[in-house]
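Data file: target28.txt. Format and content: compact mmCIF, C-alpha atoms.
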```txt
# COMPACT_ATOMS: atom_id res chain seq x y z
CA SER A 1 8.10 102.54 126.56
CA THR A 2 8.45 101.16 122.99
CA LEU A 3 10.98 101.45 120.15
CA VAL A 4 9.68 100.65 116.59
CA ASP A 5 11.90 100.07 113.52
CA ASN A 6 10.13 101.85 110.64
CA ALA A 7 12.12 99.79 108.08
CA ASP A 8 13.31 102.96 106.27
CA GLY A 9 16.31 103.69 108.48
CA THR A 10 14.23 105.55 111.07
CA PHE A 11 12.92 104.49 114.48
CA THR A 12 9.92 105.70 116.54
CA TYR A 13 10.35 105.84 120.31
CA THR A 14 7.22 106.13 122.52
CA ASN A 15 7.78 106.83 126.21
CA GLU A 16 5.57 105.91 129.18
CA ASP A 17 3.49 109.11 128.71
CA GLY A 18 2.62 108.17 125.13
CA THR A 19 4.87 110.80 123.57
CA ALA A 20 6.32 109.53 120.25
CA THR A 21 9.67 110.64 118.80
CA THR A 22 10.88 109.57 115.34
CA PHE A 23 14.63 109.81 114.58
CA ASP A 24 16.88 108.89 111.67
CA ALA A 25 19.44 106.15 112.53
CA ARG A 26 20.83 105.71 109.05
CA ARG A 27 24.62 105.77 108.84
CA ALA A 28 27.00 107.13 106.25
CA THR A 29 28.96 104.37 104.45
CA VAL A 30 31.97 104.15 102.14
CA VAL A 31 32.20 101.10 99.79
CA ASP A 32 35.41 100.17 97.88
CA ASN A 33 34.19 98.96 94.47
CA GLY A 34 37.55 97.31 93.75
CA ASP A 35 38.15 99.20 90.47
CA GLY A 36 39.57 102.42 91.84
CA THR A 37 36.11 103.88 92.60
CA PHE A 38 34.35 104.32 95.93
CA THR A 39 30.59 104.69 96.63
CA ILE A 40 29.88 107.16 99.44
CA THR A 41 26.38 107.18 100.96
CA ASP A 42 25.58 110.01 103.37
CA ASP A 43 23.28 109.93 106.40
CA SER A 44 20.24 110.81 104.24
CA GLY A 45 20.84 107.88 101.85
CA THR A 46 22.24 109.98 98.98
CA SER A 47 25.05 108.12 97.18
CA VAL A 48 27.85 109.35 94.92
CA THR A 49 30.67 107.41 93.28
CA VAL A 50 34.16 108.89 93.43
CA ASP A 51 36.58 107.79 90.71
CA THR A 52 40.16 107.97 92.03
CA ASN A 53 41.79 106.62 88.89
CA ASN A 54 42.38 110.10 87.44
CA THR A 55 43.26 111.87 90.69
CA VAL A 56 46.25 111.94 92.93
CA THR A 57 44.05 111.67 96.02
CA THR A 58 43.61 108.38 97.89
CA LEU A 59 41.07 106.96 100.32
CA VAL A 60 42.23 103.86 102.17
CA ASP A 61 40.06 101.54 104.25
CA ASN A 62 42.29 100.74 107.25
CA GLY A 63 40.20 97.65 108.08
CA ASP A 64 39.52 98.77 111.66
CA GLY A 65 36.52 101.00 111.01
CA SER A 66 38.71 103.98 110.07
CA PHE A 67 39.64 105.49 106.67
CA THR A 68 42.66 107.55 105.62
CA TYR A 69 42.13 110.30 103.01
CA THR A 70 45.16 111.86 101.24
CA SER A 71 44.42 115.02 99.23
CA GLU A 72 46.20 116.26 96.10
CA ASN A 73 48.55 118.41 98.16
CA GLY A 74 49.52 115.46 100.38
CA THR A 75 47.38 116.35 103.40
CA VAL A 76 46.46 113.16 105.28
CA THR A 77 43.21 112.89 107.26
CA THR A 78 42.13 109.77 109.15
CA PHE A 79 38.50 109.45 110.23
CA THR A 80 36.49 106.68 111.85
CA GLU A 81 32.93 105.53 111.04
CA THR A 82 31.58 103.88 114.14
CA THR A 83 28.28 102.37 115.22
CA SER A 84 26.49 104.84 117.46
CA THR A 85 23.12 105.95 118.80
CA LEU A 86 21.30 109.20 118.05
CA VAL A 87 18.54 110.60 120.30
CA ASP A 88 16.23 113.45 119.25
CA ASN A 89 16.13 115.81 122.21
CA ALA A 90 12.97 117.51 120.76
CA ASN A 91 14.64 120.92 121.03
CA GLY A 92 16.45 120.93 117.73
CA THR A 93 19.47 119.06 119.05
CA PHE A 94 20.46 115.43 119.00
CA THR A 95 22.58 113.46 121.46
CA TYR A 96 25.14 111.14 119.84
CA THR A 97 26.63 108.31 121.92
CA ASN A 98 29.62 106.36 120.48
CA GLU A 99 30.61 102.74 121.16
CA ASP A 100 32.69 103.78 124.17
CA GLY A 101 29.60 105.40 125.77
CA THR A 102 30.81 108.96 125.24
CA ALA A 103 27.81 111.29 124.64
CA THR A 104 27.92 114.42 122.45
CA THR A 105 25.03 116.83 121.89
CA PHE A 106 25.03 118.72 118.54
CA ASP A 107 22.82 120.52 116.02
CA ALA A 108 20.78 118.36 113.67
CA ARG A 109 22.43 119.49 110.49
CA ARG A 110 23.97 116.63 108.52
CA ALA A 111 27.08 116.27 106.35
CA THR A 112 26.48 115.81 102.59
CA VAL A 113 28.50 114.89 99.49
CA VAL A 114 27.23 116.24 96.13
CA ASP A 115 28.52 115.12 92.69
CA ASN A 116 28.60 118.30 90.61
CA GLY A 117 28.79 116.26 87.37
CA ASP A 118 31.96 118.00 86.10
CA GLY A 119 34.55 115.94 87.94
CA THR A 120 34.18 117.97 91.13
CA PHE A 121 32.45 117.08 94.37
CA THR A 122 31.06 119.41 97.06
CA ILE A 123 31.47 118.11 100.61
CA THR A 124 29.51 119.92 103.35
CA ASP A 125 30.30 119.04 106.96
CA ASP A 126 27.92 119.03 109.92
CA SER A 127 28.59 122.70 110.68
CA GLY A 128 27.62 123.74 107.12
CA THR A 129 31.14 124.40 105.91
CA SER A 130 31.59 123.28 102.27
CA VAL A 131 34.67 122.38 100.22
CA THR A 132 34.87 121.38 96.56
CA VAL A 133 37.18 118.51 95.57
CA ASP A 134 38.42 118.67 91.93
CA THR A 135 39.31 115.19 90.62
CA ASN A 136 40.35 116.55 87.19
CA ASN A 137 43.98 117.12 88.29
CA THR A 138 46.46 115.46 85.98
CA VAL A 139 49.09 112.93 87.04
CA THR A 140 52.83 113.13 86.44
CA THR A 141 54.46 110.97 83.74
CA LEU A 142 57.98 109.58 83.11
CA VAL A 143 58.67 108.33 79.57
CA ASP A 144 61.69 106.23 78.46
CA ASN A 145 62.65 107.70 75.06
CA GLY A 146 64.58 104.54 74.09
CA ASP A 147 67.82 106.45 73.39
CA GLY A 148 69.16 106.60 76.92
CA SER A 149 67.07 109.68 77.79
CA PHE A 150 63.84 110.11 79.79
CA THR A 151 61.07 112.77 79.64
CA TYR A 152 59.29 113.82 82.87
CA THR A 153 56.03 115.80 82.81
CA SER A 154 54.88 117.34 86.12
CA GLU A 155 51.29 118.08 87.25
CA ASP A 156 51.48 121.64 85.91
CA GLY A 157 52.68 120.46 82.47
CA THR A 158 56.36 121.29 82.89
CA VAL A 159 58.45 118.94 80.67
CA THR A 160 62.03 117.94 81.57
CA THR A 161 64.24 115.62 79.47
CA PHE A 162 67.41 114.10 80.97
CA ALA A 163 69.91 111.40 79.93
CA GLU A 164 71.35 108.56 82.05
CA THR A 165 74.79 107.55 80.80
CA THR A 166 76.66 104.38 81.82
CA SER A 167 80.28 103.61 82.65
CA THR A 168 82.30 100.74 81.10
CA LEU A 169 85.13 98.44 82.26
CA VAL A 170 87.16 96.66 79.53
CA ASP A 171 89.53 93.71 80.15
CA ASN A 172 92.58 94.37 77.94
CA ALA A 173 93.61 90.66 78.17
CA ASP A 174 97.14 91.58 79.37
CA GLY A 175 96.42 91.91 83.09
CA THR A 176 95.20 95.52 82.72
CA PHE A 177 91.69 97.00 82.62
CA THR A 178 90.37 100.25 81.11
CA TYR A 179 87.57 102.07 82.99
CA THR A 180 85.53 104.77 81.18
CA ASN A 181 83.22 106.90 83.37
CA GLU A 182 79.94 108.64 82.41
CA ASP A 183 81.88 111.69 81.14
CA GLY A 184 83.93 109.54 78.75
CA THR A 185 87.15 109.82 80.75
CA ALA A 186 89.20 106.59 80.39
CA THR A 187 91.58 105.20 83.04
CA THR A 188 93.79 102.11 82.55
CA PHE A 189 95.08 100.25 85.64
CA ASP A 190 97.16 97.11 86.27
CA ALA A 191 95.28 94.31 88.03
CA ARG A 192 97.93 91.62 87.73
CA ARG A 193 98.59 89.57 90.89
CA ALA A 194 101.67 87.81 92.27
CA THR A 195 101.56 84.00 91.75
CA VAL A 196 103.39 80.94 93.09
CA VAL A 197 103.44 77.82 90.84
CA ASP A 198 104.49 74.34 92.05
CA ASN A 199 106.45 72.85 89.13
CA GLY A 200 106.09 69.33 90.54
CA ASP A 201 109.84 68.62 90.65
CA GLY A 202 110.75 70.27 93.93
CA THR A 203 110.96 73.72 92.34
CA PHE A 204 108.53 76.65 92.56
CA THR A 205 108.13 79.59 90.15
CA ILE A 206 107.27 82.90 91.87
CA THR A 207 106.01 85.78 89.71
CA ASP A 208 105.61 89.23 91.29
CA ASP A 209 103.06 91.94 90.43
CA SER A 210 105.28 93.41 87.72
CA GLY A 211 105.65 90.04 85.90
CA THR A 212 109.20 89.25 87.06
CA SER A 213 109.65 85.50 87.76
CA VAL A 214 112.19 83.49 89.79
CA THR A 215 112.46 79.73 90.33
CA VAL A 216 113.28 78.39 93.80
CA ASP A 217 114.81 74.89 94.04
CA THR A 218 113.98 73.18 97.36
CA ASN A 219 115.70 69.89 96.51
CA ASN A 220 119.01 70.94 98.11
CA THR A 221 117.72 72.59 101.30
CA VAL A 222 116.46 69.73 103.47
CA THR A 223 117.96 68.67 106.79
CA THR A 224 118.22 65.06 107.98
CA LEU A 225 118.24 63.36 111.40
CA VAL A 226 119.32 59.68 111.40
CA ASP A 227 118.96 57.23 114.31
CA ASN A 228 122.18 55.20 114.24
CA GLY A 229 120.63 52.38 116.28
CA ASP A 230 123.29 52.52 119.03
CA GLY A 231 121.84 55.30 121.11
CA SER A 232 123.37 57.99 118.91
CA PHE A 233 121.86 60.27 116.24
CA THR A 234 123.44 62.01 113.20
CA TYR A 235 122.10 65.44 112.14
CA THR A 236 122.97 66.98 108.73
CA SER A 237 122.15 70.69 108.29
CA GLU A 238 121.22 72.55 105.08
CA ASP A 239 124.87 73.47 104.44
CA GLY A 240 126.07 69.85 104.86
CA THR A 241 127.42 70.18 108.42
CA VAL A 242 127.23 66.77 110.17
CA THR A 243 126.78 66.47 113.95
CA THR A 244 126.58 63.17 115.87
CA PHE A 245 125.27 63.12 119.43
CA THR A 246 124.30 60.47 121.98
CA GLU A 247 121.16 60.33 124.15
CA THR A 248 121.83 58.27 127.26
CA THR A 249 119.27 57.03 129.77
CA SER A 250 119.29 56.51 133.53
CA THR A 251 118.41 53.20 135.19
CA LEU A 252 116.99 52.08 138.57
CA VAL A 253 117.65 48.45 139.60
CA ASP A 254 115.86 46.59 142.42
CA ASN A 255 118.55 44.54 144.20
CA THR A 256 115.79 42.34 145.80
CA ASP A 257 117.30 42.87 149.28
CA GLY A 258 115.43 46.04 150.14
CA THR A 259 117.95 48.28 148.37
CA PHE A 260 117.92 49.94 144.96
CA THR A 261 120.78 51.02 142.68
CA TYR A 262 120.32 54.18 140.59
CA THR A 263 122.65 54.86 137.62
CA ASN A 264 122.47 58.33 136.02
CA GLU A 265 123.36 59.39 132.44
CA ASP A 266 127.02 59.79 133.45
CA ALA A 267 127.10 56.18 134.74
CA ALA A 268 127.45 57.29 138.39
CA THR A 269 125.70 54.79 140.70
CA THR A 270 123.95 55.33 144.02
CA THR A 271 122.60 52.51 146.21
CA PHE A 272 119.89 53.28 148.79
CA THR A 273 117.42 51.48 150.99
CA GLY A 274 113.94 51.64 149.53
CA THR A 275 111.84 50.30 152.38
CA ASP A 276 109.45 52.64 154.19
CA ASP A 277 109.33 50.71 157.50
CA GLN A 278 112.62 51.95 158.99
CA PHE A 279 112.90 52.76 162.67
CA ASP A 280 114.14 56.13 163.89
CA ASP A 281 117.53 54.65 164.78
CA GLU A 282 117.87 53.38 161.18
CA VAL A 283 117.49 56.81 159.58
CA THR A 284 120.82 58.60 159.53
CA LEU A 285 121.27 62.35 159.26
CA ARG A 286 122.92 63.69 156.12
CA THR A 287 125.14 65.82 158.42
CA ALA A 288 125.69 65.07 162.12
CA ILE A 289 124.68 67.93 164.42
CA ASP A 290 124.91 68.77 168.15
CA VAL A 291 121.41 69.51 169.44
CA ASP A 292 121.73 69.77 173.21
CA GLU A 293 125.36 70.48 174.18
CA ALA A 294 126.21 73.76 172.48
CA GLY A 295 129.16 75.47 174.19
CA VAL A 296 130.61 72.38 175.93
CA ALA A 297 134.26 71.50 175.39
CA SER A 298 133.62 68.17 173.69
CA PRO A 299 130.04 68.19 172.28
CA THR A 300 128.47 64.94 171.16
CA ASP A 301 126.99 65.13 167.65
CA GLU A 302 123.68 63.35 167.01
CA THR A 303 123.83 61.16 163.88
CA THR A 304 120.37 59.53 163.72
CA VAL A 305 116.79 60.69 164.05
CA GLU A 306 116.48 58.77 167.32
CA GLU A 307 119.47 60.60 168.85
CA VAL A 308 118.03 63.99 167.83
CA ILE A 309 114.63 63.20 169.38
CA THR A 310 116.26 61.96 172.59
CA ALA A 311 118.42 65.06 172.86
CA ILE A 312 115.75 67.67 172.14
CA ALA A 313 112.78 66.15 173.99
CA PRO A 314 113.78 67.43 177.46
CA ILE A 315 114.20 70.91 176.04
CA THR A 316 110.90 71.10 174.20
CA SER A 317 108.94 69.41 176.97
CA LYS A 318 109.87 71.99 179.62
CA ALA A 319 111.80 75.19 179.07
CA ALA A 320 110.75 75.78 175.48
CA ARG A 321 107.09 75.80 176.51
CA ILE A 322 107.49 78.52 179.15
CA PHE A 323 107.89 82.20 178.31
CA TYR A 324 107.35 85.60 179.87
CA PRO A 325 104.92 87.97 178.12
CA PRO A 326 105.99 91.59 177.47
CA SER A 327 106.16 94.02 180.39
CA ILE A 328 103.14 96.25 180.88
CA ALA A 329 102.38 99.14 183.23
CA ILE A 330 99.45 98.89 185.69
CA ASP A 331 98.06 102.03 187.29
CA ALA A 332 98.15 101.52 191.07
CA SER A 333 97.44 105.11 192.08
CA THR A 334 93.85 104.37 193.09
CA ASN A 335 92.39 101.62 195.28
CA GLY A 336 89.71 99.44 193.79
CA THR A 337 88.99 96.38 191.66
CA PHE A 338 90.38 96.26 188.11
CA SER A 339 91.07 93.83 185.25
CA VAL A 340 93.54 93.54 182.35
CA ASP A 341 93.52 91.24 179.28
CA LEU A 342 97.01 89.69 179.53
CA TYR A 343 96.64 87.83 176.21
CA GLN A 344 95.65 90.97 174.29
CA GLU A 345 98.58 92.91 175.79
CA TYR A 346 100.93 90.10 174.67
CA LEU A 347 99.37 90.08 171.20
CA ASN A 348 99.55 93.89 170.83
CA GLN A 349 103.26 94.10 171.65
CA TYR A 350 104.38 91.02 169.70
CA GLY A 351 102.27 92.10 166.73
CA THR A 352 103.67 95.66 166.50
CA PRO A 353 107.36 95.73 167.53
CA VAL A 354 108.95 99.18 167.67
CA VAL A 355 112.07 98.16 165.68
CA SER A 356 113.53 94.96 164.20
CA SER A 357 117.00 93.91 163.04
CA ASP A 358 115.86 93.48 159.44
CA PRO A 359 112.67 95.48 158.66
CA THR A 360 112.67 94.30 155.05
CA ASN A 361 113.11 90.54 155.45
CA ALA A 362 112.31 89.73 159.08
CA PRO A 363 109.02 87.79 159.44
CA SER A 364 106.28 88.69 161.88
CA ILE A 365 106.78 87.41 165.45
CA PRO A 366 104.82 84.13 165.72
CA THR A 367 102.12 84.12 168.40
CA TYR A 368 99.88 81.50 170.01
CA GLY A 369 96.12 81.46 170.06
CA ARG A 370 94.29 82.59 173.19
CA THR A 371 93.21 79.05 174.12
CA GLU A 372 96.64 77.52 173.35
CA LEU A 373 98.14 78.94 176.55
CA TYR A 374 97.99 78.55 180.33
CA TYR A 375 98.26 81.80 182.31
CA TYR A 376 100.07 82.21 185.68
CA VAL A 377 100.95 84.96 188.17
CA THR A 378 104.16 83.80 189.94
CA PHE A 379 104.55 86.89 192.14
CA ALA A 380 102.54 89.95 193.21
CA ASP A 381 103.43 92.55 195.86
CA PRO A 382 101.08 91.76 198.82
CA SER A 383 101.51 95.25 200.23
CA VAL A 384 99.79 96.61 197.13
CA PHE A 385 97.59 93.72 196.05
CA GLY A 386 96.71 92.34 199.49
CA ASN A 387 96.84 92.84 203.24
CA GLY A 388 100.62 93.21 203.38
CA THR A 389 101.18 89.51 203.87
CA THR A 390 98.95 87.69 201.36
CA VAL A 391 97.74 88.60 197.88
CA GLN A 392 93.95 88.79 197.91
CA ASN A 393 91.12 88.96 195.32
CA MET A 394 93.35 88.12 192.32
CA SER A 395 92.37 85.57 189.60
CA ILE A 396 92.97 84.67 185.89
CA ASP A 397 90.37 83.02 183.65
CA THR A 398 91.17 80.55 180.83
CA ASN A 399 91.23 83.35 178.25
CA GLY A 400 94.01 85.28 180.02
CA ASN A 401 91.88 87.96 181.73
CA LEU A 402 93.50 88.99 185.07
CA SER A 403 91.22 90.43 187.78
CA TYR A 404 92.91 92.14 190.79
CA GLU A 405 92.26 94.55 193.65
CA ILE A 406 94.58 97.37 194.76
CA PHE A 407 94.53 97.85 198.51
CA ASN A 408 97.42 100.32 198.90
CA GLN A 409 99.74 102.39 196.74
CA PRO A 410 103.36 101.23 196.39
CA ALA A 411 105.78 102.99 198.74
CA ASP A 412 108.37 103.71 196.04
CA TYR A 413 105.83 104.23 193.24
CA ASN A 414 106.74 100.81 191.86
CA ALA A 415 105.36 97.31 192.45
CA LEU A 416 105.72 94.05 190.49
CA ILE A 417 103.46 91.32 189.17
CA ASN A 418 105.33 88.45 187.46
CA VAL A 419 103.27 86.70 184.74
CA VAL A 420 104.25 83.45 182.95
CA PHE A 421 102.64 81.85 179.88
CA VAL A 422 102.92 78.07 179.29
CA VAL A 423 102.13 76.48 175.93
CA LYS A 424 99.56 73.72 176.30
```
As structure tokens, the full file:
Amino acid sequence: STLVDNADGTFTYTNEDGTATTFDARRATVVDNGDGTFTITDDSGTSVTVDTNNTVTTLVDNGDGSFTYTSENGTVTTFTETTSTLVDNANGTFTYTNEDGTATTFDARRATVVDNGDGTFTITDDSGTSVTVDTNNTVTTLVDNGDGSFTYTSEDGTVTTFAETTSTLVDNADGTFTYTNEDGTATTFDARRATVVDNGDGTFTITDDSGTSVTVDTNNTVTTLVDNGDGSFTYTSEDGTVTTFTETTSTLVDNTDGTFTYTNEDAATTTFTGTDDQFDDEVTLRTAIDVDEAGVASPTDETTVEEVITAIAPITSKAARIFYPPSIAIDASTNGTFSVDLYQEYLNQYGTPVVSSDPTNAPSIPTYGRTELYYYVTFADPSVFGNGTTVQNMSIDTNGNLSYEIFNQPADYNALINVVFVVK
């Protein structure tokens, strides 16, 4: 197939069968002449020039291939002139394909613009519908009459004259101003401000908003504080009252023999040993105390740190590290193998006492960690937990979990297991 440009805006297409089709590819254009006129050329090549200088309509080139037309009544229409293809379907219709590839089939009638020569233009669209645009409409005017008034003439010739008056503000040179509004009403107001003037001689003149002035003399209102050079100071107040006071200091003297002498502001002295390499027998207690013989007829008071350590060590090394956990009930009504977490039972009861002697101020009962304790069973009834002679199948792990077996039920519904905790 071939496509021939006929150089007159038309093209001839010949298909493989030799059939030739000639179609018009000319495009409508709108040219802005830069002087308020536009040249519009329709698809057939007919051109008209539209002068917009005397109309209130506008046609704006949006610079993106589209144009915006605003009519005299303010109606805005935006339309786009794009590059497209037009195929003669040989049946009286044409197929138009735009740049996006969208195809539209329509009748072959074309839009036209006709200059009627009297300031009007007839625009006929593709469907044959015509409208006449009258560019003879007049524009509105607003004239400054030079006397403070303005005359406005609308499109239909209606004339309206109005005046714009001004207000004035006059400084009366006495601290007041007179304001006159557009209606001629005058209002005088006081704009004077309070002032403070430094007279340069220790006095200040203060003038209030109403013009009343007073002078304040600051030369007689200063206080003084004099260092007398002997550790004392003399203070004189605004009313002449004189007060003398002394600021003493404390001293600390190194006696170079390992002791220090401290003298406070009242001259009281205290001598103490300042070395930090004293032995426990060299550190005396502020108050002697009996640590280990409470209740004896003639207790011996410990007076040094060494004596306290010696007295309390046997207590803390043995008895103080051993304690019995709270009593718990074990169900022995059924034979079998069972276990109980002795540490958790101890923690539950110590952590939630039923009552205390001072609910408001008493602290929580201190407890040890699970791995800070050794766990012991010092007695168990062999008739319940064994063969009647020996306890059998009973053990405690390092976390305080007791495993035991019940062989028989207690004869009097009561049997004992004694448990002891020892602090590591």
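Going from CA of Thr68 in chain A over to CA of Asn53 in chain A, you cover 16.8 Å.
Take the candidates A:Asn387, A:Gly92, A:Gly211, A:Asp156 and check each one against Gly175 in chain A using all atoms listed in the file; the shortest distance goes to A:Gly211.
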(request) For CA of Asp281 in chain A and CA of Glu306 in chain A, quote the distance in Å rounded to one decimal. (result) 5.0 Å
(request) Around the point (87.9, 98.4, 202.6) in the file's coordinates, collect all residues with an atom within 12 Å, using all atoms listed in the file, and return them as a PyMOL selection string. (result) chain A and resi 335-337+386-387+405-408
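The gap separating CA of Thr300 in chain A from CA of Arg286 in chain A is 16.1 Å, in Å to one decimal.
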